[in-house]
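Trainee: File follows, protein31.pdb with PDB, C-alpha atoms:
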ATOM      1  CA  MET A   1     119.906  67.004  73.617
ATOM      2  CA  LYS A   2     123.466  65.928  74.601
ATOM      3  CA  TYR A   3     124.412  66.094  70.935
ATOM      4  CA  LEU A   4     123.157  69.702  70.682
ATOM      5  CA  ALA A   5     124.997  70.685  73.883
ATOM      6  CA  GLY A   6     128.201  69.140  72.502
ATOM      7  CA  ILE A   7     127.869  71.127  69.286
ATOM      8  CA  CYS A   8     127.265  74.344  71.235
ATOM      9  CA  ILE A   9     130.380  73.771  73.350
ATOM     10  CA  PHE A  10     132.440  72.995  70.227
ATOM     11  CA  LEU A  11     131.219  76.179  68.517
ATOM     12  CA  LEU A  12     131.911  78.250  71.623
ATOM     13  CA  PHE A  13     135.521  77.034  71.855
ATOM     14  CA  SER A  14     135.997  77.355  68.088
ATOM     15  CA  ALA A  15     134.741  80.951  68.123
ATOM     16  CA  HIS A  16     136.994  81.766  71.083
ATOM     17  CA  SER A  17     140.013  80.191  69.346
ATOM     18  CA  TYR A  18     139.244  82.010  66.081
ATOM     19  CA  ALA A  19     138.931  85.352  67.907
ATOM     20  CA  GLN A  20     142.322  84.824  69.548
ATOM     21  CA  LYS A  21     143.962  84.094  66.192
ATOM     22  CA  GLN A  22     142.537  87.280  64.681
ATOM     23  CA  GLN A  23     144.241  89.563  67.206
ATOM     24  CA  SER A  24     146.886  91.820  65.761
ATOM     25  CA  ASP A  25     150.483  90.927  66.522
ATOM     26  CA  THR A  26     151.683  94.513  66.302
ATOM     27  CA  TRP A  27     153.281  96.458  69.131
ATOM     28  CA  SER A  28     152.005  99.833  68.046
ATOM     29  CA  ASN A  29     153.535 103.068  69.202
ATOM     30  CA  VAL A  30     151.097 105.244  67.216
ATOM     31  CA  PRO A  31     149.529 108.124  69.158
ATOM     32  CA  LYS A  32     145.718 108.153  69.369
ATOM     33  CA  ALA A  33     143.947 110.370  66.820
ATOM     34  CA  GLN A  34     140.456 110.835  65.443
ATOM     35  CA  ASP A  35     141.706 110.243  61.910
ATOM     36  CA  ASP A  36     144.700 108.720  60.113
ATOM     37  CA  ARG A  37     147.047 111.693  60.544
ATOM     38  CA  PHE A  38     149.715 109.561  62.254
ATOM     39  CA  THR A  39     149.232 106.354  60.243
ATOM     40  CA  ASN A  40     148.905 107.735  56.710
ATOM     41  CA  PRO A  41     152.342 107.889  55.020
ATOM     42  CA  LYS A  42     151.138 110.894  52.973
ATOM     43  CA  SER A  43     150.383 112.904  56.127
ATOM     44  CA  ALA A  44     152.848 115.635  57.112
ATOM     45  CA  ILE A  45     152.947 114.207  60.653
ATOM     46  CA  TYR A  46     153.187 110.503  59.744
ATOM     47  CA  ALA A  47     154.602 108.626  62.740
ATOM     48  CA  GLY A  48     156.317 105.871  60.744
ATOM     49  CA  PRO A  49     155.218 102.230  60.465
ATOM     50  CA  ASN A  50     153.164 101.509  63.605
ATOM     51  CA  GLY A  51     154.559 104.696  65.133
ATOM     52  CA  TRP A  52     158.193 103.592  65.135
ATOM     53  CA  TRP A  53     160.286 106.463  63.723
ATOM     54  CA  ASN A  54     163.936 105.512  64.311
ATOM     55  CA  TYR A  55     162.565 103.761  67.369
ATOM     56  CA  GLY A  56     161.602 100.248  68.413
ATOM     57  CA  GLU A  57     160.792  97.798  71.182
ATOM     58  CA  VAL A  58     162.426  94.612  72.477
ATOM     59  CA  ARG A  59     160.827  91.904  74.607
ATOM     60  CA  ALA A  60     162.725  88.810  75.709
ATOM     61  CA  GLU A  61     162.350  86.108  78.318
ATOM     62  CA  GLY A  62     164.232  83.038  79.380
ATOM     63  CA  THR A  63     162.963  79.708  78.098
ATOM     64  CA  ALA A  64     163.840  77.796  81.272
ATOM     65  CA  THR A  65     162.668  80.165  84.022
ATOM     66  CA  SER A  66     160.296  83.094  84.156
ATOM     67  CA  THR A  67     162.635  85.374  86.117
ATOM     68  CA  LEU A  68     164.872  86.317  83.179
ATOM     69  CA  GLN A  69     163.126  89.091  81.245
ATOM     70  CA  TYR A  70     164.075  92.079  79.133
ATOM     71  CA  SER A  71     161.669  94.733  77.942
ATOM     72  CA  PHE A  72     162.682  98.105  76.602
ATOM     73  CA  LYS A  73     161.902 100.719  73.959
ATOM     74  CA  GLY A  74     164.649 102.771  72.461
ATOM     75  CA  GLY A  75     166.308 104.500  69.575
ATOM     76  CA  LEU A  76     167.077 102.568  66.403
ATOM     77  CA  THR A  77     170.305 103.627  64.707
ATOM     78  CA  THR A  78     172.794 102.168  62.282
ATOM     79  CA  ASN A  79     176.566 101.992  62.455
ATOM     80  CA  SER A  80     178.563 100.441  59.607
ATOM     81  CA  GLY A  81     175.514  98.524  58.403
ATOM     82  CA  ILE A  82     174.576  97.111  61.820
ATOM     83  CA  PHE A  83     171.226  98.263  63.204
ATOM     84  CA  ASN A  84     171.233  98.857  66.959
ATOM     85  CA  LEU A  85     168.279  99.363  69.272
ATOM     86  CA  ASN A  86     168.907 100.594  72.797
ATOM     87  CA  GLU A  87     167.202 102.679  75.455
ATOM     88  CA  SER A  88     169.008 105.776  76.675
ATOM     89  CA  GLY A  89     170.530 105.167  80.097
ATOM     90  CA  LYS A  90     170.239 101.381  79.880
ATOM     91  CA  LEU A  91     173.188  99.158  79.179
ATOM     92  CA  GLN A  92     171.269  96.797  76.903
ATOM     93  CA  ILE A  93     171.466  96.686  73.125
ATOM     94  CA  LEU A  94     169.858  94.652  70.373
ATOM     95  CA  SER A  95     171.953  94.382  67.193
ATOM     96  CA  LEU A  96     170.823  93.290  63.732
ATOM     97  CA  ASP A  97     173.458  92.607  61.099
ATOM     98  CA  PHE A  98     172.051  92.015  57.612
ATOM     99  CA  GLY A  99     175.435  92.416  55.925
ATOM    100  CA  THR A 100     174.204  95.614  54.268
ATOM    101  CA  GLU A 101     172.995  99.077  55.269
ATOM    102  CA  THR A 102     169.807  98.694  53.227
ATOM    103  CA  PRO A 103     168.346  95.207  53.576
ATOM    104  CA  ALA A 104     165.858  94.283  50.863
ATOM    105  CA  PRO A 105     162.298  93.490  51.937
ATOM    106  CA  GLY A 106     161.706  89.842  52.768
ATOM    107  CA  ASN A 107     162.126  87.151  55.384
ATOM    108  CA  TYR A 108     165.629  86.766  56.793
ATOM    109  CA  ILE A 109     166.577  83.543  58.553
ATOM    110  CA  VAL A 110     168.656  84.067  61.693
ATOM    111  CA  ALA A 111     172.152  82.668  61.305
ATOM    112  CA  ASN A 112     175.625  82.809  62.814
ATOM    113  CA  LYS A 113     176.730  85.190  60.038
ATOM    114  CA  ALA A 114     174.948  87.843  57.972
ATOM    115  CA  ASN A 115     174.521  87.243  54.254
ATOM    116  CA  PRO A 116     172.255  89.605  52.273
ATOM    117  CA  THR A 117     172.132  87.451  49.125
ATOM    118  CA  GLU A 118     171.018  84.376  51.098
ATOM    119  CA  LYS A 119     168.718  86.524  53.293
ATOM    120  CA  LYS A 120     170.475  85.642  56.546
ATOM    121  CA  VAL A 121     170.710  87.949  59.542
ATOM    122  CA  PHE A 122     172.830  87.826  62.681
ATOM    123  CA  VAL A 123     170.949  88.984  65.801
ATOM    124  CA  SER A 124     172.395  89.582  69.261
ATOM    125  CA  LEU A 125     171.237  90.990  72.587
ATOM    126  CA  THR A 126     173.871  92.282  74.994
ATOM    127  CA  ASP A 127     173.422  93.430  78.592
ATOM    128  CA  VAL A 128     176.368  95.000  80.419
ATOM    129  CA  ALA A 129     174.495  96.138  83.530
ATOM    130  CA  ASN A 130     176.206  95.579  86.895
ATOM    131  CA  LYS A 131     179.608  95.573  85.149
ATOM    132  CA  VAL A 132     179.061  92.026  83.847
ATOM    133  CA  ILE A 133     178.756  91.227  80.132
ATOM    134  CA  LYS A 134     175.856  88.955  79.281
ATOM    135  CA  SER A 135     174.973  88.279  75.680
ATOM    136  CA  TRP A 136     172.910  86.028  73.472
ATOM    137  CA  SER A 137     173.099  85.546  69.730
ATOM    138  CA  THR A 138     171.569  83.604  66.879
ATOM    139  CA  GLU A 139     174.515  81.237  66.607
ATOM    140  CA  GLY A 140     172.654  77.950  66.675
ATOM    141  CA  GLY A 141     169.400  79.838  67.262
ATOM    142  CA  SER A 142     166.273  79.876  65.174
ATOM    143  CA  GLY A 143     163.649  82.237  63.799
ATOM    144  CA  VAL A 144     162.875  84.739  61.079
ATOM    145  CA  VAL A 145     163.221  88.529  60.912
ATOM    146  CA  VAL A 146     160.728  90.175  58.549
ATOM    147  CA  VAL A 147     161.878  93.299  56.722
ATOM    148  CA  THR A 148     159.360  95.489  54.919
ATOM    149  CA  THR A 149     159.368  99.044  53.645
ATOM    150  CA  SER A 150     156.832 101.809  54.099
ATOM    151  CA  GLY A 151     157.680 104.959  52.202
ATOM    152  CA  ASP A 152     161.245 105.824  53.214
ATOM    153  CA  PHE A 153     161.176 103.556  56.279
ATOM    154  CA  ILE A 154     162.727 100.119  56.764
ATOM    155  CA  TYR A 155     160.467  98.202  59.148
ATOM    156  CA  PHE A 156     161.772  95.266  61.215
ATOM    157  CA  LYS A 157     159.642  92.685  63.000
ATOM    158  CA  ALA A 158     160.414  89.364  64.676
ATOM    159  CA  ARG A 159     158.727  87.111  67.179
ATOM    160  CA  ASN A 160     159.954  84.106  69.142
ATOM    161  CA  LEU A 161     163.565  84.163  67.976
ATOM    162  CA  LEU A 162     165.655  81.723  69.985
ATOM    163  CA  LEU A 163     169.020  83.170  70.977
ATOM    164  CA  ASN A 164     171.670  81.148  72.761
ATOM    165  CA  PRO A 165     174.068  82.437  75.433
ATOM    166  CA  SER A 166     177.214  83.642  73.681
ATOM    167  CA  SER A 167     179.378  85.145  76.427
ATOM    168  CA  VAL A 168     181.636  83.296  78.823
ATOM    169  CA  TYR A 169     180.277  85.658  81.485
ATOM    170  CA  ASN A 170     176.704  84.345  81.199
ATOM    171  CA  LYS A 171     176.163  82.668  84.556
ATOM    172  CA  ASP A 172     173.238  81.127  86.446
ATOM    173  CA  GLU A 173     169.899  82.135  84.886
ATOM    174  CA  HIS A 174     171.741  83.979  82.076
ATOM    175  CA  LYS A 175     173.072  80.649  80.731
ATOM    176  CA  GLN A 176     169.689  79.744  79.280
ATOM    177  CA  THR A 177     168.341  80.296  75.787
ATOM    178  CA  ILE A 178     166.084  83.329  75.468
ATOM    179  CA  LYS A 179     162.997  83.859  73.333
ATOM    180  CA  LEU A 180     163.130  87.334  71.807
ATOM    181  CA  GLY A 181     160.742  89.554  69.872
ATOM    182  CA  PHE A 182     161.246  93.038  68.505
ATOM    183  CA  GLU A 183     159.678  95.622  66.249
ATOM    184  CA  GLY A 184     160.872  98.963  64.939
ATOM    185  CA  ALA A 185     161.398 101.225  61.952
ATOM    186  CA  PHE A 186     164.413 103.115  60.668
ATOM    187  CA  LYS A 187     164.409 106.030  58.256
ATOM    188  CA  PRO A 188     167.753 106.301  56.444
TER     189      PRO A 188
END
Please re-express this file's structure in structure tokens.

Mentor:
Amino acid sequence: MKYLAGICIFLLFSAHSYAQKQQSDTWSNVPKAQDDRFTNPKSAIYAGPNGWWNYGEVRAEGTATSTLQYSFKGGLTTNSGIFNLNESGKLQILSLDFGTETPAPGNYIVANKANPTEKKVFVSLTDVANKVIKSWSTEGGSGVVVVTTSGDFIYFKARNLLLNPSSVYNKDEHKQTIKLGFEGAFKP
């Protein structure tokens, strides 16, 4: 009987673990609809990959304490080949430099300098709120940025990138490494 109970407990935890792994890791911004009008690229009102149409989301938290957090949605634009995501009225910006205005689909390793042929991307998060510059970048950091295409859209996704403090003004809790995730799509 103990053997049967042990098997049941094992199966219960295995099923729970399997169900957790099957959850989608997508931060969707797609409006609710009864059909695929917003998710079908052939639809006249397609909302872009996961609903991000020149828009995206950033989530970041400190690795040492739980008080340092960033979370914002905002416009995704490009300027001289650098993709920038920021929320109107906030003084925070995520920058992605692939070394080109049209990165090819694939996995890009975060690095201290962009290089499109080696699939390396430079990522930084800057916060200038309260008249103090705080920034983090992938210099010495780690992680992968995934670039895919959907129709005319370039879709960016990353999870658990480690960015190190990169400004001399980073003080106190801002001197810690942050774990950053983002998602968004840009239509050139």

Trainee: When you look at Lys134 of chain A with a cut-off of 9 Å (counting only C-alpha atoms), what residues show up, excluding the ones that are within fewer than 3 positions of it in the same chain? I need them as a PyMOL selection string.

Mentor: chain A and resi 125-129+165-171+174-175

Trainee: Quick check on the file I pasted: which residues fall under the PyMOL selection byres ((chain A and resi 30) around 7)? Write them as a list in words.

Mentor: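 Listing what the PyMOL selection byres ((chain A and resi 30) around 7) selects in the shown file: Ser28, Asn29, Pro31, Lys32, Phe38, Ala47, Asn50 and Gly51 of chain A.
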
Trainee: Quick check, in Å to one decimal: how far apart do atom CA of Asn160 of chain A and atom CA of Lys131 of chain A lie?

Mentor: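 Calculated distance between atom CA of Asn160 of chain A and atom CA of Lys131 of chain A is 27.8 Å.
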
Trainee: Report as an NGL selection string the full result of the PyMOL selection byres ((chain A and resi 95-112) around 10) when it is applied to this structure.

Mentor: :A and (76-86 or 93-94 or 113-126 or 137-149 or 154-158 or 161-163 or 188)

Trainee: Would you work out the distance separating atom CA of Gly151 of chain A from atom CA of Ser88 of chain A, expressed in Å to one decimal?

Mentor: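 A separation of 27.0 Å between them.
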
Trainee: Please determine an axis-aligned box that encloses all atoms of segment 24-38 of chain A listed in the file, with 3 Å added on each side, and express its centre and edge lengths in Å to one decimal as AutoDock Vina command-line options.

Mentor:
--center_x 147.0 --center_y 101.3 --center_z 64.7 --size_x 19.1 --size_y 26.8 --size_z 15.3

Trainee: A:Asp36, A:Glu61, A:Asp152, A:Glu87: which is nearest Glu173 of chain A, counting all atoms listed in the file?

Mentor: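 Going through A:Asp36, A:Glu61, A:Asp152, A:Glu87 one by one, the smallest distance to Glu173 of chain A is for A:Glu61.
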
Trainee: Could you tell me how far atom CA of Gln92 of chain A sits from atom CA of Phe182 of chain A, in Å to one decimal place?

Mentor: 13.6 Å

Trainee: For a quick check of understanding, using only C-alpha atoms, which of A:Phe153, A:Val58, A:Thr67, A:Gly48 has the smallest distance to Glu183 of chain A?

Mentor: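 Checking each candidate against Glu183 of chain A, we get A:Val58 as the closest.
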
Trainee: Taking only C-alpha atoms into account, which of A:Ala60, A:Trp136, A:Trp53, A:Gln34 comes nearest Arg159 of chain A?

Mentor: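 Closest candidate: A:Ala60.
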
Trainee: Which residue, A:Gln69, A:Gln176, A:Thr63, A:Asn130, has the smallest gap to Asn164 of chain A when you use only C-alpha atoms?

Mentor: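 Closest to Asn164 of chain A of all the choices is A:Gln176.
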
Trainee: For a quick check of understanding, using all atoms listed in the file, which of A:Phe72, A:Trp27, A:Tyr46, A:Phe186 has the smallest distance to Arg59 of chain A?

Mentor: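 So, comparing all the options, the nearest one is A:Phe72.
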